[in-house]
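Trainee: Would you mind keeping the following structure in view while I ask a few things?
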Amino acid sequence: MHDLSHLPVEVRPDRTLRVKVIDACGLACSFCHNEGTPVATDNAHRPTDRFTGSPGRSGRVSIYLHTNGADFLPARIAADADFALALAAVRGSLPTTEVHFTGGEPTLHPELPELIAIARRLGLSVGLTSNGEAGASVLPAAAAAGLDRINLSVFGTTPDELAAVQGPRLASPRLAERKLAALDATIEAATAHGVKVSANIVIPDLNHVDRVLRVIERHGRSVVVRMLVSLEDGGASLDAMQAVIDHVGAVPDRRIITAGASDQRVRYLLPDGRALYAKSIRPVRLPETCADCRFNNDRDCQEGYYGLRLYRAVNGPFMVGVCIQRMDLCMSLGEFVMSQRCREVAAFREDEIARLTSLHAPTERAGQSQAPCCPPPAGA
């Protein structure tokens, strides 16, 4: 990527909790990490030491499961008092302003509007990540319940492009065509009901540049397109992002850094004024938890410390995790809120805010000031 050190920087504090509300999904993407957990339907009758992340009857994968030590199956989170208490417990132990629902596929959750309403009653904004397969049917009620935004995972604009990243059971262009139509309907429904929409597309290498350009052309008028670096393809992925940027004539506008998590992005402006984002990973580590981790090197730690995740174990408690590559670090919610790790996360967040704000503090240059470096938290 080109030198971006001259850009103004926004430092956004991490105040988000990711919540895996459901494990079910109608796709079988070959690169899915499934939030670190086993695919529930494929592992329901396996002992914990025999969990597999390889394709089972569902055709789905969980790419880190063979090394991450996950020892519980993810349950569907019910929209009940237990969930409200769990959110309140996290918010009471760490400053939290937003929940972000993940899966699986959140739009398949039969109580999605009720889950949103619970979070909103606690004063939290709500976003979700979705492939759009059921969005058109649930988004009107979800929007009415207070859904703020939806991040759509987009893999291409043609059935062949989508089918190419699916497991064999779902690698059907005819099925992919139906899924793409559902995605288009989700975008229309979200836009019609005032839900902010972004399209996230992973770009592994230069072979995928044309695919991303087609996504920008097809969806870029109605949604904000965000290119995501591939966790496995590092430098090649960044080169491909730059090729897209050069092709569309986008100009870098500002850097956005999440203090207390590994997320960072650059906002570019297209010639017509639309925004295009390039998202990558900072090499962020928790100072104590990550210090002696076997993955703590430039090669093996792919996501860094990305933030807190909340799960519900099948027939068990709510669980809190800090790394999808180290699910053995998960602990029950009750344990977490009383733990040194909770205090470590809180201190790390505040230290990062102070350090990054100081590092990127606005300065007067030629009579003009840079943009404020630490605005109110905004949606990721």
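FYI, nothing fancy with the structure tokens labels: chains A, B, ... in order, residues from 1 per chain, ligands from 1 as they appear.
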Run DSSP on the backbone and grab whatever in region 155-240 of chain A lands in strand (DSSP E or B); send it over as number ranges by chain.
Mentor: A: 166, 196-203, 224-229
Trainee: Would you export the selected residues with C-alpha atoms as a PDB file, in the first residue's frame, please?
Mentor:
```
ATOM      1  CA  GLN A 166     -18.583 -22.880  -1.238  1.00  0.00           C
ATOM      2  CA  LYS A 196     -27.162   1.594   7.258  1.00  0.00           C
ATOM      3  CA  VAL A 197     -25.596  -0.969   4.929  1.00  0.00           C
ATOM      4  CA  SER A 198     -21.999  -1.843   4.122  1.00  0.00           C
ATOM      5  CA  ALA A 199     -20.703  -4.574   1.837  1.00  0.00           C
ATOM      6  CA  ASN A 200     -17.631  -6.386   3.107  1.00  0.00           C
ATOM      7  CA  ILE A 201     -15.546  -8.242   0.550  1.00  0.00           C
ATOM      8  CA  VAL A 202     -12.341 -10.151   1.269  1.00  0.00           C
ATOM      9  CA  ILE A 203      -9.684  -9.704  -1.412  1.00  0.00           C
ATOM     10  CA  VAL A 224     -20.584   1.470   1.426  1.00  0.00           C
ATOM     11  CA  VAL A 225     -18.033  -1.017   0.092  1.00  0.00           C
ATOM     12  CA  ARG A 226     -15.290  -2.172   2.440  1.00  0.00           C
ATOM     13  CA  MET A 227     -12.384  -4.291   1.207  1.00  0.00           C
ATOM     14  CA  LEU A 228     -11.087  -6.652   3.878  1.00  0.00           C
ATOM     15  CA  VAL A 229      -7.570  -8.011   4.012  1.00  0.00           C
TER      16      VAL A 229
END
```
Trainee: Near Arg15 (chain A), counting only C-alpha atoms, which residues have an atom at most 9 Å away, once you skip same-chain residues fewer than 6 positions from it, shown as a PyMOL selection string?
Mentor: chain A and resi 94-99+260+307+349+377
Trainee: Would you mind telling me which residue in A:Gly146, A:Gly321, A:Pro168, A:Gly316 lies nearest to Leu17 (chain A) when using only C-alpha atoms?
Mentor: A:Gly321
Trainee: Calculate how many Å separate CA of Thr157 (chain A) from CA of Ala28 (chain A), rounding to one decimal.
Mentor: 17.2 Å
Trainee: Would you please work out which residue, of A:Thr16, A:Ser172, A:Ser280, A:Thr102, is nearest to Gly235 (chain A) when using only C-alpha atoms?
Mentor: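 Checking each of A:Thr16, A:Ser172, A:Ser280, A:Thr102 against Gly235 (chain A), counting only C-alpha atoms, the winner is A:Ser280.
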Trainee: To one decimal place, how far is CA of Val251 (chain A) from CA of Tyr268 (chain A) in Å?
Mentor: 5.2 Å
Trainee: Skipping near chain neighbours, those fewer than 5 positions away, what residues fall within 8 Å of region 18-22 of chain A using only C-alpha atoms, listed as a PDB file with C-alpha atoms, in the first residue's frame?
Mentor:
```pdb
ATOM      1  CA  GLU A  35     -16.363 -17.248  15.366  1.00  0.00           C
ATOM      2  CA  PRO A  74     -22.464 -22.894  20.446  1.00  0.00           C
ATOM      3  CA  ALA A  75     -26.149 -22.667  21.325  1.00  0.00           C
ATOM      4  CA  ARG A  76     -28.746 -20.377  19.815  1.00  0.00           C
ATOM      5  CA  ILE A  77     -29.140 -17.460  22.226  1.00  0.00           C
ATOM      6  CA  VAL A  99     -23.460  -5.118  20.413  1.00  0.00           C
ATOM      7  CA  HIS A 100     -22.733  -6.709  17.082  1.00  0.00           C
ATOM      8  CA  PHE A 101     -24.618  -9.912  16.306  1.00  0.00           C
ATOM      9  CA  THR A 102     -22.782 -12.642  14.416  1.00  0.00           C
ATOM     10  CA  GLY A 103     -23.270 -16.329  13.664  1.00  0.00           C
ATOM     11  CA  GLY A 104     -23.674 -18.447  11.734  1.00  0.00           C
ATOM     12  CA  GLU A 105     -26.213 -16.271  10.006  1.00  0.00           C
ATOM     13  CA  PRO A 106     -28.088 -13.879  12.331  1.00  0.00           C
ATOM     14  CA  LEU A 108     -31.953 -16.967  10.431  1.00  0.00           C
ATOM     15  CA  HIS A 109     -32.560 -16.364  14.148  1.00  0.00           C
ATOM     16  CA  GLY A 307     -12.218  -7.569  20.925  1.00  0.00           C
ATOM     17  CA  LEU A 308     -14.625  -9.420  23.207  1.00  0.00           C
ATOM     18  CA  ARG A 309     -16.973 -12.148  21.982  1.00  0.00           C
ATOM     19  CA  LEU A 310     -19.972 -13.549  23.833  1.00  0.00           C
ATOM     20  CA  TYR A 311     -21.285 -17.077  23.244  1.00  0.00           C
ATOM     21  CA  ARG A 312     -23.812 -19.392  24.857  1.00  0.00           C
TER      22      ARG A 312
END
```
